[in-house]
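**Student:** I am attaching a structure below and will ask some questions about it afterwards.
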Amino acid sequence: MCLSALPKKTRESYMAIDIDKIYADTPGKKNVIHFNNAGSSLMPRPVLDAQIAHLKLEANIGGYEAMAHKQDQIKEVYRSIATLIGAHSSEIAIVENATVGWAMGFYAIDFKPGDRILTVEAEYASNYVAYLHMAKEKGVSIEVIPSGEDGNLCIDILENMIDENVKLISATHIPTNSGLVNTVAELGKVARKHDILFLVDACQSIGQMPVNVDEIGCDMLSATSRKYLRGPRGVGFLYVRKSVIEKLHPPIVDLRSAIWEDPGTYTLHPDARRFENWENNYAAILGFGAAVDYALNIGLENIQKRIDQLAINLRSKLKAIDGITTHTISKNQCGIVTFHINGHKASDIVDQLRKKHINTSVSEPRSTLLDANKNKLPDLVRASVHYYNDEEEIEQFINVLRGLI
Ligand SMILES: Cc1ncc(COP(=O)(O)O)c(C=O)c1O
């Protein structure tokens with residue numbers, strides 16, 4: 001790569017990180033152009049090594065024994081996640097995925113008929129169907145904080161929506177499509193002012209940009225390992241602020257989340273372990289820890305800068321092609337780029353790109369139905385870039401796309 005040929009900002013974003021080391025650490029880069037980081041990123045070598053080492057240990061000495069052997073490293077994973085989001089390790093529950101994390105927090109809230117849930121237009125489908133479920137079961141109402149023409153949340157309207165029945169403000173930080181970054185810290189200010197529980201789905205933002213629970217002002221935050229953090233599949237976490245843990249009863253309890261000392265009763269674990277359950281994939285957890293450490297070493301600000309540069313480049317190149325419409329609902333954008341090609345089904349484009357070793361994915365309207373209905377969105381192609389992608393890959397992608405349409 002000839003750095004001097006690149007624009008100044010792009011050059012700076014390369015220089016802030018050790019790009020050669022990152023390339024060398026990413027075996028998958030030799031095989032594919034991976035623009036499906038919002039789906040599941042390519043794991044770097046240390047993440048792979050941590051998992052393989054643990055699987056070997058399990059095979060050699062036994063699963064429970066391997067866990068006991070790695071107890072200290074497993075504790076370190078909690079510390080790493082806590083460092084990543086500015087929390088304490090006792091506020092972290094490690095679970096199977098972001099959905100389980102989110103649901104353990106959401107369903108722990110003692111909703112009553114008449115309670116109100118306030119959410120956002122770009123809310124993720126799994127979260128919204130859980131609100132619908134709660135509306136059916138408990139008679140809560142769901143209300144959507146509007147976004148303006150510029151795609152930004154209307155905080156002044158939110159202020160007027162607040163009353164004593166608002167039990168929860170719940171928002172997706174970065175939706176699965178469109179590249180929008182919701183200004184969740186603005187929601188957090190309102191939640192703090194009125195002492196309302198605030199739950200954030202940070203599944204797409206974690207690993208992509210700095211995420212700090214105090215700056216956001218949230219009580220709970222869920223995320224996954226496999227997306228922008230570049231960790232393994234099948235593991236995620238829930239953060240719960242210390243001051244609210246005692247008020248939340250997990251929807252399921254087992255011998256990890258609760259202690260059974262008296263035959264007639266049980267005591268919930270005093271920290272966020274109450275949201276976990278007994279059986280875990282410790283190879284994945286250790287890989288997750290390695291992924292968090294890897295991101296912390298590069299620096300989340302450096303990561304965000306580089307992703308922004310690549311996404312700006314990709315969006316502008318797509319916009320220059322006749323027949324392609326990019327779906328952008330706000331100036332506040334990230335590494336997720338979604339677009340539609342006139343006369344072509346998104347799934348066909350994704351299939352054809354995959355045959356050419358370029359990974360993208362399809363974003364369906366039903367994954368963010370409110371936003372899709374408002375903006376009349378069709379199925380979209382989603383190309384989500386990461387710091388280990390580069391301008392040459394974008395150029396190749398654009399050339400292949402031109403050949404397909
Ligand atoms: C915004 C958002 N929230 C939650 C999830 C669910 O994450 P997981 O599959 O780890 O449960 C996704 C997955 O794509 C997502 O994009």
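For the structure tokens, the naming scheme is as follows: chains receive sequential letters (A, B, ...) according to their order of presentation, residues are indexed from 1 within each chain, and ligands are indexed from 1 in presentation order.
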List all protein, DNA and RNA residues that have at least one atom no more than 9 Å from any atom of ligand 1, counting only C-alpha atoms and all ligand atoms, and write them as number ranges by chain.

**Tutor:** A: 38-40, 96-102, 122-127, 172-177, 201-205, 222-227, 233-236, 367-368

**Student:** Go ahead and write the selection's residues with C-alpha atoms as a PDB file, in the first residue's frame.

**Tutor:**
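So the final result, stored in again-v5.pdb, reads:
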ATOM      1  CA  ALA A  38     -21.857  -6.089  11.349  1.00  0.00           C
ATOM      2  CA  GLY A  39     -22.667  -9.795  10.940  1.00  0.00           C
ATOM      3  CA  SER A  40     -19.537 -11.410  12.320  1.00  0.00           C
ATOM      4  CA  GLU A  96     -24.658 -16.722  25.251  1.00  0.00           C
ATOM      5  CA  ASN A  97     -25.258 -13.707  23.007  1.00  0.00           C
ATOM      6  CA  ALA A  98     -26.505 -10.126  22.985  1.00  0.00           C
ATOM      7  CA  THR A  99     -30.145 -11.209  22.758  1.00  0.00           C
ATOM      8  CA  VAL A 100     -29.905 -13.287  25.932  1.00  0.00           C
ATOM      9  CA  GLY A 101     -28.070 -10.430  27.674  1.00  0.00           C
ATOM     10  CA  TRP A 102     -30.671  -7.886  26.623  1.00  0.00           C
ATOM     11  CA  ALA A 122     -34.596   2.300  14.445  1.00  0.00           C
ATOM     12  CA  GLU A 123     -35.204  -0.225  17.230  1.00  0.00           C
ATOM     13  CA  TYR A 124     -33.993  -3.765  16.581  1.00  0.00           C
ATOM     14  CA  ALA A 125     -36.707  -6.341  15.841  1.00  0.00           C
ATOM     15  CA  SER A 126     -35.903  -8.716  18.715  1.00  0.00           C
ATOM     16  CA  ASN A 127     -36.199  -5.872  21.228  1.00  0.00           C
ATOM     17  CA  THR A 172     -30.543   0.575  20.043  1.00  0.00           C
ATOM     18  CA  HIS A 173     -27.297   2.543  19.804  1.00  0.00           C
ATOM     19  CA  ILE A 174     -26.473   1.544  16.214  1.00  0.00           C
ATOM     20  CA  PRO A 175     -29.201  -0.218  14.268  1.00  0.00           C
ATOM     21  CA  THR A 176     -28.406  -3.229  12.129  1.00  0.00           C
ATOM     22  CA  ASN A 177     -28.787  -1.180   8.904  1.00  0.00           C
ATOM     23  CA  ASP A 201     -28.513  -2.297  22.886  1.00  0.00           C
ATOM     24  CA  ALA A 202     -24.859  -1.712  21.982  1.00  0.00           C
ATOM     25  CA  CYS A 203     -24.536  -4.826  19.829  1.00  0.00           C
ATOM     26  CA  GLN A 204     -23.281  -2.933  16.760  1.00  0.00           C
ATOM     27  CA  SER A 205     -21.390  -0.151  18.526  1.00  0.00           C
ATOM     28  CA  SER A 222     -26.023  -5.504  26.126  1.00  0.00           C
ATOM     29  CA  ALA A 223     -23.567  -6.491  23.395  1.00  0.00           C
ATOM     30  CA  THR A 224     -22.023  -9.394  21.557  1.00  0.00           C
ATOM     31  CA  SER A 225     -18.508 -10.700  20.940  1.00  0.00           C
ATOM     32  CA  ARG A 226     -18.596 -11.666  17.267  1.00  0.00           C
ATOM     33  CA  LYS A 227     -19.401  -8.365  15.524  1.00  0.00           C
ATOM     34  CA  ARG A 233     -19.619 -16.480  18.007  1.00  0.00           C
ATOM     35  CA  GLY A 234     -21.988 -17.641  20.745  1.00  0.00           C
ATOM     36  CA  VAL A 235     -20.974 -15.290  23.551  1.00  0.00           C
ATOM     37  CA  GLY A 236     -22.059 -11.824  24.681  1.00  0.00           C
ATOM     38  CA  SER A 367     -35.150  -6.194  11.247  1.00  0.00           C
ATOM     39  CA  THR A 368     -35.958  -2.494  11.830  1.00  0.00           C
TER      40      THR A 368
END

**Student:** Running DSSP on the backbone, which parts of stretch 190-240 of chain A land in alpha helix (DSSP H), as a list in words?

**Tutor:**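 Answer for stretch 190-240 of chain A, restricted to alpha helix (DSSP H): Val190, Ala191, Arg192, Lys193, Val213, Asp214, Glu215 and Ile216 of chain A.
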
**Student:** Next, write the just-selected residues to a file, as a PDB file, in the first residue's frame, keeping all heavy atoms as the atom set.

**Tutor:**
ATOM      1  N   VAL A 190     -31.829  12.508  29.870  1.00  0.00           N
ATOM      2  CA  VAL A 190     -33.247  12.601  30.254  1.00  0.00           C
ATOM      3  C   VAL A 190     -33.573  11.499  31.266  1.00  0.00           C
ATOM      4  O   VAL A 190     -34.245  11.732  32.280  1.00  0.00           O
ATOM      5  CB  VAL A 190     -34.163  12.492  28.999  1.00  0.00           C
ATOM      6  CG1 VAL A 190     -35.633  12.547  29.386  1.00  0.00           C
ATOM      7  CG2 VAL A 190     -33.812  13.583  27.994  1.00  0.00           C
ATOM      8  N   ALA A 191     -33.068  10.299  31.003  1.00  0.00           N
ATOM      9  CA  ALA A 191     -33.339   9.174  31.915  1.00  0.00           C
ATOM     10  C   ALA A 191     -32.805   9.486  33.319  1.00  0.00           C
ATOM     11  O   ALA A 191     -33.485   9.260  34.320  1.00  0.00           O
ATOM     12  CB  ALA A 191     -32.703   7.902  31.368  1.00  0.00           C
ATOM     13  N   ARG A 192     -31.593  10.048  33.377  1.00  0.00           N
ATOM     14  CA  ARG A 192     -30.982  10.367  34.685  1.00  0.00           C
ATOM     15  C   ARG A 192     -31.776  11.463  35.403  1.00  0.00           C
ATOM     16  O   ARG A 192     -32.049  11.376  36.593  1.00  0.00           O
ATOM     17  CB  ARG A 192     -29.531  10.833  34.514  1.00  0.00           C
ATOM     18  CG  ARG A 192     -28.550   9.784  34.014  1.00  0.00           C
ATOM     19  CD  ARG A 192     -28.096   8.792  35.085  1.00  0.00           C
ATOM     20  NE  ARG A 192     -29.153   7.988  35.641  1.00  0.00           N
ATOM     21  CZ  ARG A 192     -29.639   6.856  35.098  1.00  0.00           C
ATOM     22  NH1 ARG A 192     -29.160   6.391  33.979  1.00  0.00           N
ATOM     23  NH2 ARG A 192     -30.606   6.181  35.680  1.00  0.00           N
ATOM     24  N   LYS A 193     -32.161  12.479  34.628  1.00  0.00           N
ATOM     25  CA  LYS A 193     -32.882  13.624  35.211  1.00  0.00           C
ATOM     26  C   LYS A 193     -34.177  13.164  35.891  1.00  0.00           C
ATOM     27  O   LYS A 193     -34.546  13.652  36.947  1.00  0.00           O
ATOM     28  CB  LYS A 193     -33.174  14.625  34.094  1.00  0.00           C
ATOM     29  CG  LYS A 193     -33.888  15.883  34.530  1.00  0.00           C
ATOM     30  CD  LYS A 193     -33.847  16.900  33.397  1.00  0.00           C
ATOM     31  CE  LYS A 193     -35.073  17.791  33.420  1.00  0.00           C
ATOM     32  NZ  LYS A 193     -35.287  18.430  32.127  1.00  0.00           N
ATOM     33  N   VAL A 213     -20.390   3.508  29.757  1.00  0.00           N
ATOM     34  CA  VAL A 213     -21.732   3.471  30.365  1.00  0.00           C
ATOM     35  C   VAL A 213     -22.036   4.735  31.183  1.00  0.00           C
ATOM     36  O   VAL A 213     -23.215   5.121  31.274  1.00  0.00           O
ATOM     37  CB  VAL A 213     -21.928   2.198  31.225  1.00  0.00           C
ATOM     38  CG1 VAL A 213     -22.040   0.971  30.348  1.00  0.00           C
ATOM     39  CG2 VAL A 213     -20.826   2.031  32.271  1.00  0.00           C
ATOM     40  N   ASP A 214     -21.009   5.378  31.734  1.00  0.00           N
ATOM     41  CA  ASP A 214     -21.284   6.613  32.490  1.00  0.00           C
ATOM     42  C   ASP A 214     -21.564   7.772  31.538  1.00  0.00           C
ATOM     43  O   ASP A 214     -22.432   8.598  31.801  1.00  0.00           O
ATOM     44  CB  ASP A 214     -20.116   6.961  33.423  1.00  0.00           C
ATOM     45  CG  ASP A 214     -20.091   6.015  34.607  1.00  0.00           C
ATOM     46  OD1 ASP A 214     -21.147   5.396  34.893  1.00  0.00           O
ATOM     47  OD2 ASP A 214     -19.027   5.865  35.232  1.00  0.00           O
ATOM     48  N   GLU A 215     -20.816   7.814  30.449  1.00  0.00           N
ATOM     49  CA  GLU A 215     -21.077   8.887  29.478  1.00  0.00           C
ATOM     50  C   GLU A 215     -22.458   8.721  28.856  1.00  0.00           C
ATOM     51  O   GLU A 215     -23.163   9.692  28.599  1.00  0.00           O
ATOM     52  CB  GLU A 215     -20.009   8.891  28.384  1.00  0.00           C
ATOM     53  CG  GLU A 215     -18.750   9.602  28.854  1.00  0.00           C
ATOM     54  CD  GLU A 215     -17.553   9.338  27.974  1.00  0.00           C
ATOM     55  OE1 GLU A 215     -17.722   8.973  26.793  1.00  0.00           O
ATOM     56  OE2 GLU A 215     -16.420   9.481  28.494  1.00  0.00           O
ATOM     57  N   ILE A 216     -22.855   7.476  28.616  1.00  0.00           N
ATOM     58  CA  ILE A 216     -24.186   7.221  28.033  1.00  0.00           C
ATOM     59  C   ILE A 216     -25.270   7.433  29.095  1.00  0.00           C
ATOM     60  O   ILE A 216     -26.377   7.853  28.777  1.00  0.00           O
ATOM     61  CB  ILE A 216     -24.252   5.786  27.451  1.00  0.00           C
ATOM     62  CG1 ILE A 216     -23.327   5.664  26.234  1.00  0.00           C
ATOM     63  CG2 ILE A 216     -25.674   5.409  27.063  1.00  0.00           C
ATOM     64  CD1 ILE A 216     -23.214   4.250  25.668  1.00  0.00           C
TER      65      ILE A 216
END

**Student:** Which neighbours of A:Ile17 fall inside 12 Å, counting only C-alpha atoms, when residues of the same chain fewer than 5 positions from it are skipped, and could you give them as number ranges by chain?

**Tutor:** A: 10-12, 22-23, 294-307, 387-388

**Student:** I'd like the contact shell of A:Leu353 - 9 Å cut-off, only C-alpha atoms, skipping same-chain residues fewer than 5 positions apart - returned as a list in words.

**Tutor:**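 The filter keeps Asp348, Ile358, Asn359, Thr360, Phe397, Val400, Leu401 and Leu404 of chain A.
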
**Student:** What does the distance between atom CA of A:Val144 and atom CA of A:Pro378 come to in Å, to one decimal place?

**Tutor:**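 A separation of 21.9 Å between them.
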
**Student:** Can you list, as a list in words, every protein, DNA or RNA residue that comes within 7 Å of stretch 43-50 of chain A when you count only C-alpha atoms, leaving out same-chain residues fewer than 4 positions away?

**Tutor:**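 Listed by chain and then number, they are Asp25, Thr26, His54, Arg230, Gly231, Leu286, Gly287, Ala290 and Ala291 of chain A.
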
**Student:** Just the number, please: distance in Å from atom CA of A:Lys21 to atom CA of A:Asn389, one decimal.

**Tutor:**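 That distance, rounded to one decimal, is 13.1 Å.
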
**Student:** Could you check the closest approach to A:Asn281 for each of A:Asp18, A:Glu159, A:Asp195, A:Glu58 and tell me which residue wins, using only C-alpha atoms?

**Tutor:**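 Once distances to A:Asn281 are computed over only C-alpha atoms, the minimum belongs to A:Glu58.
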
**Student:** Just want the 9 Å neighbourhood of A:Val240, counted on only C-alpha atoms, with same-chain residues fewer than 5 positions away dropped. Output as number ranges by chain.

**Tutor:** A: 90-93, 105, 218-222, 245, 271-272

**Student:** Please list as an NGL selection string every residue within 9 Å of A:Leu377, counting only C-alpha atoms and excluding residues in the same chain fewer than 6 positions away.

**Tutor:** :A and (327 or 340 or 364-365 or 371)

**Student:** Could you dump the residues just selected with N, CA and C atoms as a PDB file, in the first residue's frame?

**Tutor:**
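Output file result_31.pdb follows:
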ATOM      1  N   HIS A 327     -28.702   4.047   1.752  1.00  0.00           N
ATOM      2  CA  HIS A 327     -29.717   4.382   2.756  1.00  0.00           C
ATOM      3  C   HIS A 327     -29.011   5.036   3.936  1.00  0.00           C
ATOM      4  N   HIS A 340     -29.262   0.028  -2.084  1.00  0.00           N
ATOM      5  CA  HIS A 340     -30.174  -0.713  -2.945  1.00  0.00           C
ATOM      6  C   HIS A 340     -29.720  -0.493  -4.391  1.00  0.00           C
ATOM      7  N   GLU A 364     -32.914  -6.919   5.954  1.00  0.00           N
ATOM      8  CA  GLU A 364     -34.333  -6.988   5.597  1.00  0.00           C
ATOM      9  C   GLU A 364     -35.129  -5.923   6.350  1.00  0.00           C
ATOM     10  N   PRO A 365     -36.204  -5.399   5.724  1.00  0.00           N
ATOM     11  CA  PRO A 365     -37.003  -4.372   6.403  1.00  0.00           C
ATOM     12  C   PRO A 365     -37.472  -4.812   7.783  1.00  0.00           C
ATOM     13  N   ASP A 371     -38.471   1.909  11.079  1.00  0.00           N
ATOM     14  CA  ASP A 371     -37.639   2.724  10.194  1.00  0.00           C
ATOM     15  C   ASP A 371     -37.888   2.338   8.733  1.00  0.00           C
TER      16      ASP A 371
END
